[in-house]
Amino acid sequence: MSLTQAELPSSTATVIGLATFAVVAFPVGWLVVRHFAVMAHVGAHALTGLLLFRSVHGIELRSDATGGADLGAAAGLRTVPVMLSGYLGPSGFGLGAAKLIELRHAAVVLWVTLAGLAVLLIGLRRLFGVISVLAAAGIVLGIARYTPMHVEVVAAYSAAWLLLLSGVRRVVETGLRSDDATLAAAAEGARLLIVHA
């Protein structure tokens with residue numbers, strides 16, 4: 001594998017972006033890809049909690065595309081970044097993927113995604129979550145390991161667009177109706193169960 005990969009022409013990147021937008025925007029595509037958005041959302045809660053020295057007691061992913069992260073107690077303002085990270089997580093991961101692509105490390109996007117899924121798998125508590133994460137990891141591994149470089153680059157662009165757009169769709173779709181927004185006040189100083197609905 002080459003250390004760097006050429007960027008796709010801007011017209012090709014735009015076509016990939018428009019195709020991904022169609023998948024995210026229309027109900028049939030969203031029924032499938034929203035599960036990936038929930039993985040990124042809940043994973044962002046757990047990652048932020050760990051970075052703020054909070055224990056993660058478990059992660060749940062459900063078949064109705066909801067999930068949650070059960071985090072240890074914290075006092076004060078340490079709850080706020082954990083709550084916000086779910087909203088910002090998918091698009092934040094997408095920006096990270098876009099930066100790797102800009103630096104001509106598109107293939108690395110797939111391996112970082114695989115590592116993130118492996119870490120998520122460790123904390124899962126429900127069978128559906130284990131199966132869905134293993135399925136996602138199998139797809140990513142298959143592309144990263146067994147396809148030509150140009151397919152890996154297209155997959156990396158697609159993953160970046162998917163994360164960016166699904167994060168925006170989820171925020172627009174749920175807004176302040178999300179349970180994330182209602183649990184912040186009750187979470188201070190106690191174990192925090194963040195439910196993504």
# chains A, B, ... in the order shown; residues from 1 in each chain; ligands from 1
>>> select_by_dssp(residues="range 10-63 of chain A", states="alpha helix (DSSP H)", output="JSON, numbers by chain")
{"A": [10, 11, 12, 13, 14, 15, 16, 17, 18, 19, 20, 21, 22, 23, 24, 25, 27, 28, 29, 30, 31, 32, 33, 34, 35, 36, 37, 38, 39, 40, 41, 42, 43, 44, 45, 46, 47, 48, 49, 50, 51]}
>>> residues_around(residues="Ala98 in chain A", least_positions_apart="6", cutoff="10 Å", atoms="only C-alpha atoms", output="PyMOL selection string")
chain A and resi 92+104-106+109+156-157+159-161+163-164
>>> residues_around(residues="range 55-65 of chain A", least_positions_apart="3", cutoff="6 Å", atoms="only C-alpha atoms", output="number ranges by chain")
A: 35, 68-72, 123-126, 129
>>> closest_residue(among="A:His45, A:Arg34, A:Arg145, A:His150", to="Thr12 in chain A", atoms="only C-alpha atoms")
A:His150
>>> atom_distance(atom1="CA of Ser91 in chain A", atom2="CA of Val154 in chain A")
18.4 Å
>>> closest_residue(among="A:Pro90, A:Gly67, A:Pro81, A:Gly29", to="Leu51 in chain A", atoms="only C-alpha atoms")
A:Pro81
>>> closest_residue(among="A:Leu134, A:Ile139, A:Val24, A:Val82", to="Ala37 in chain A", atoms="only C-alpha atoms")
A:Val24
>>> select_by_dssp(residues="range 21-189 of chain A", states="strand (DSSP E)", output="count of residues only")
11
